[in-house]
Amino acid sequence: MVLRILLLIVASAAEDDEANISCQLLQTGLHFSHARTERRKWNVSVANGVCQSFSSIEQEMYEPMVNVTERLGEDGWCTFGGIGTWASNCAIARHMRDSMIFIKTFEEAYNGYMNGPQATPFTLRFPDNRTLIIRDHTYPLDDTYCFLNGWYDFPRAARAELVSNFSYLEEVSDRYCDHLAKTFPGYWNITMADLWTESTSDEAFLHDIQKNGADIGYATPSFVDGMYLHAAAKCVMRGGHRGAVCDIANCAARACFGASPGELLYTARGECEKLTK
């Protein structure tokens with residue numbers, strides 16, 4: 001994959017809303033009042049990827065996530081699983097050691113909004129003069145997040161391995177998170193509120209630069225830093241358990257690069273090899 005934190009919280013938390021999975025996005029946006037309504041219907045259990053009630057989560061939004069996970073002794077993805085399926089399904093995938101549980105959460109949504117006349121190319125130019133041509137106008141944060149953290153750069157064989165080999169995903173995740181721990185300021189103090197605030201700002205920025213039919217936009221240095229905060233937050237959610245960052249596998253399954261520099265191709269559009277079964 002990131003929460004507005006997260007763009008839309010999927011109503012599939014309720015059993016009768018499973019069909020609405022197309023509302024779920026990788027960084028799954030979240031309004032906490034809505035989440036409170038939906039998540040009351042979920043049983044708190046490791047099997048469901050929800051290790052504590054939503055009321056408990058609200059109290060811990062402003063506490064460094066590493067402190068929360070250490071105090072509770074749980075996987076942070078499960079600790080915050082009541083926020084949305086972006087968290088709970090990663091918790092389940094980590095527990096079952098199967099990244100496809102997480103990846104398949106988003107496949108139907110991608111198939112819906114990555115095809116059709118709305119999926120027009122849009123060019124993002126970054127401060128280092130790199131460009132990225134995307135077609136995701138629903139939640140373009142996914143593409144910038146995957147791209148700037150290098151999770152679209154894997155060759156085909158490595159992409160497939162990240163999806164099918166959980167041990168390899170853990171190794172790649174640990175290496176990248178160790179890198180961020182050394183280079184990202186305030187890494188160990190990141191809170192869920194930090195991630196929520198950053199997501200809200202980044203989402204608004206991306207949608208603003210695409211207004212009025214624009215076909216090119218310019219990313220700011222602060223926006224680029226925000227993408228690293230997203231990744232760092234997902235790393236610290238692992239707590240002392242370390243291991244897999246589900247978004248890395250999802251990025252590998254979601255898109256690949258074509259022959260043209262910076263042009264992103266999408267699995268949902270039939271442009272990249274489908275890595276899930």
# chains A, B, ... in the order shown; residues from 1 in each chain; ligands from 1

call {"tool": "residues_around", "arguments": {"residues": "A:Gly262", "least_positions_apart": "4", "cutoff": "9 Å", "atoms": "only C-alpha atoms", "output": "VMD selection string"}}
result
chain A and resid 123 130 to 134 257 to 258

call {"tool": "write_last_selection", "arguments": {"atoms": "N, CA and C atoms", "output": "mmCIF file, in the first residue's frame"}}
result
data_model
loop_
_atom_site.group_PDB
_atom_site.id
_atom_site.type_symbol
_atom_site.label_atom_id
_atom_site.label_comp_id
_atom_site.auth_asym_id
_atom_site.auth_seq_id
_atom_site.Cartn_x
_atom_site.Cartn_y
_atom_site.Cartn_z
ATOM 1 N N THR A 123 0.332 13.314 -14.501
ATOM 2 C CA THR A 123 1.765 13.299 -14.231
ATOM 3 C C THR A 123 2.089 14.067 -12.957
ATOM 4 N N ARG A 130 12.111 13.604 -10.689
ATOM 5 C CA ARG A 130 11.478 12.363 -11.147
ATOM 6 C C ARG A 130 10.007 12.633 -11.439
ATOM 7 N N THR A 131 9.439 11.850 -12.349
ATOM 8 C CA THR A 131 8.008 11.966 -12.651
ATOM 9 C C THR A 131 7.336 10.616 -12.480
ATOM 10 N N LEU A 132 6.055 10.655 -12.194
ATOM 11 C CA LEU A 132 5.239 9.453 -12.068
ATOM 12 C C LEU A 132 3.907 9.712 -12.745
ATOM 13 N N ILE A 133 3.572 8.865 -13.724
ATOM 14 C CA ILE A 133 2.308 8.997 -14.439
ATOM 15 C C ILE A 133 1.325 7.983 -13.862
ATOM 16 N N ILE A 134 0.257 8.487 -13.247
ATOM 17 C CA ILE A 134 -0.700 7.630 -12.554
ATOM 18 C C ILE A 134 -2.081 7.743 -13.195
ATOM 19 N N PHE A 257 6.080 -0.984 -13.468
ATOM 20 C CA PHE A 257 6.496 0.035 -14.426
ATOM 21 C C PHE A 257 6.584 -0.548 -15.832
ATOM 22 N N GLY A 258 6.208 0.273 -16.803
ATOM 23 C CA GLY A 258 6.314 -0.127 -18.196
ATOM 24 C C GLY A 258 7.620 0.336 -18.798
#

call {"tool": "residues_around", "arguments": {"residues": "A:Phe122", "least_positions_apart": "2", "cutoff": "7 Å", "atoms": "only C-alpha atoms", "output": "ChimeraX atom specification"}}
result
/A:120,124,133-135,215-216

call {"tool": "residues_around", "arguments": {"residues": "stretch 175-191 of chain A", "least_positions_apart": "2", "cutoff": "9 Å", "atoms": "only C-alpha atoms", "output": "ChimeraX atom specification"}}
result
/A:60-67,149,170-173,193-196,225,228-229,231-236,242,245

call {"tool": "closest_residue", "arguments": {"among": "A:Arg159, A:Arg254, A:His95, A:Lys211", "to": "A:Met114", "atoms": "only C-alpha atoms"}}
result
A:Arg254

call {"tool": "select_by_dssp", "arguments": {"residues": "stretch 52-169 of chain A", "states": "strand (DSSP E or B)", "output": "VMD selection string"}}
result
chain A and resid 122 to 125 131 to 134

call {"tool": "closest_residue", "arguments": {"among": "A:Asn111, A:Val50, A:Leu264, A:Gly73", "to": "A:Thr85", "atoms": "only C-alpha atoms"}}
result
A:Val50

call {"tool": "residues_around", "arguments": {"residues": "A:Ala93", "least_positions_apart": "6", "cutoff": "8 Å", "atoms": "only C-alpha atoms", "output": "ChimeraX atom specification"}}
result
/A:99-102,246

call {"tool": "write_last_selection", "arguments": {"atoms": "N, CA and C atoms", "output": "PDB file, in the first residue's frame"}}
result
ATOM      1  N   SER A  99       0.053 -12.875   3.013  1.00  0.00           N
ATOM      2  CA  SER A  99      -0.204 -11.495   2.601  1.00  0.00           C
ATOM      3  C   SER A  99      -1.407 -11.367   1.682  1.00  0.00           C
ATOM      4  N   MET A 100      -1.821 -12.458   1.033  1.00  0.00           N
ATOM      5  CA  MET A 100      -2.950 -12.371   0.106  1.00  0.00           C
ATOM      6  C   MET A 100      -4.251 -12.027   0.826  1.00  0.00           C
ATOM      7  N   ILE A 101      -4.331 -12.338   2.111  1.00  0.00           N
ATOM      8  CA  ILE A 101      -5.505 -11.960   2.893  1.00  0.00           C
ATOM      9  C   ILE A 101      -5.676 -10.449   2.857  1.00  0.00           C
ATOM     10  N   PHE A 102      -4.575  -9.742   2.968  1.00  0.00           N
ATOM     11  CA  PHE A 102      -4.601  -8.281   2.930  1.00  0.00           C
ATOM     12  C   PHE A 102      -4.778  -7.770   1.507  1.00  0.00           C
ATOM     13  N   CYS A 246       2.312  -5.032   5.491  1.00  0.00           N
ATOM     14  CA  CYS A 246       1.428  -5.559   4.452  1.00  0.00           C
ATOM     15  C   CYS A 246       1.401  -4.690   3.202  1.00  0.00           C
TER      16      CYS A 246
END

call {"tool": "residues_around", "arguments": {"residues": "A:Val44", "least_positions_apart": "5", "cutoff": "10 Å", "atoms": "only C-alpha atoms", "output": "PyMOL selection string"}}
result
chain A and resi 39+49-54+78-79+81-82

call {"tool": "write_last_selection", "arguments": {"atoms": "N, CA, C and O atoms", "output": "short mmCIF file (atom, residue, chain, number, x, y, z; two decimals), in the first residue's frame"}}
result
data_model
loop_
_atom_site.label_atom_id
_atom_site.label_comp_id
_atom_site.auth_asym_id
_atom_site.auth_seq_id
_atom_site.Cartn_x
_atom_site.Cartn_y
_atom_site.Cartn_z
N ARG A 39 -17.75 -0.40 13.91
CA ARG A 39 -16.90 -1.38 14.56
C ARG A 39 -17.51 -1.98 15.82
O ARG A 39 -17.00 -2.95 16.34
N GLY A 49 -8.61 -9.91 13.93
CA GLY A 49 -7.64 -8.84 13.75
C GLY A 49 -7.97 -7.60 14.55
O GLY A 49 -7.49 -6.51 14.24
N VAL A 50 -8.80 -7.74 15.58
CA VAL A 50 -9.21 -6.61 16.42
C VAL A 50 -8.94 -6.99 17.88
O VAL A 50 -9.67 -7.78 18.47
N CYS A 51 -7.89 -6.41 18.44
CA CYS A 51 -7.45 -6.83 19.78
C CYS A 51 -7.98 -5.97 20.92
O CYS A 51 -7.76 -6.29 22.08
N GLN A 52 -8.64 -4.86 20.61
CA GLN A 52 -9.24 -4.07 21.68
C GLN A 52 -10.38 -3.25 21.12
O GLN A 52 -10.50 -3.05 19.91
N SER A 53 -11.24 -2.79 22.02
CA SER A 53 -12.42 -2.03 21.63
C SER A 53 -12.03 -0.68 21.05
O SER A 53 -10.96 -0.15 21.31
N PHE A 54 -12.95 -0.10 20.27
CA PHE A 54 -12.67 1.19 19.66
C PHE A 54 -12.53 2.28 20.71
O PHE A 54 -11.74 3.20 20.56
N CYS A 78 -3.16 -5.33 15.16
CA CYS A 78 -4.34 -5.88 15.84
C CYS A 78 -4.83 -4.92 16.93
O CYS A 78 -6.02 -4.74 17.14
N THR A 79 -3.88 -4.27 17.61
CA THR A 79 -4.23 -3.30 18.65
C THR A 79 -5.13 -2.21 18.08
O THR A 79 -6.12 -1.81 18.69
N GLY A 81 -6.78 -2.53 15.22
CA GLY A 81 -7.61 -3.18 14.21
C GLY A 81 -9.03 -2.67 14.16
O GLY A 81 -9.70 -2.79 13.12
N GLY A 82 -9.52 -2.11 15.26
CA GLY A 82 -10.88 -1.58 15.28
C GLY A 82 -11.06 -0.34 14.45
O GLY A 82 -12.19 0.11 14.23
#
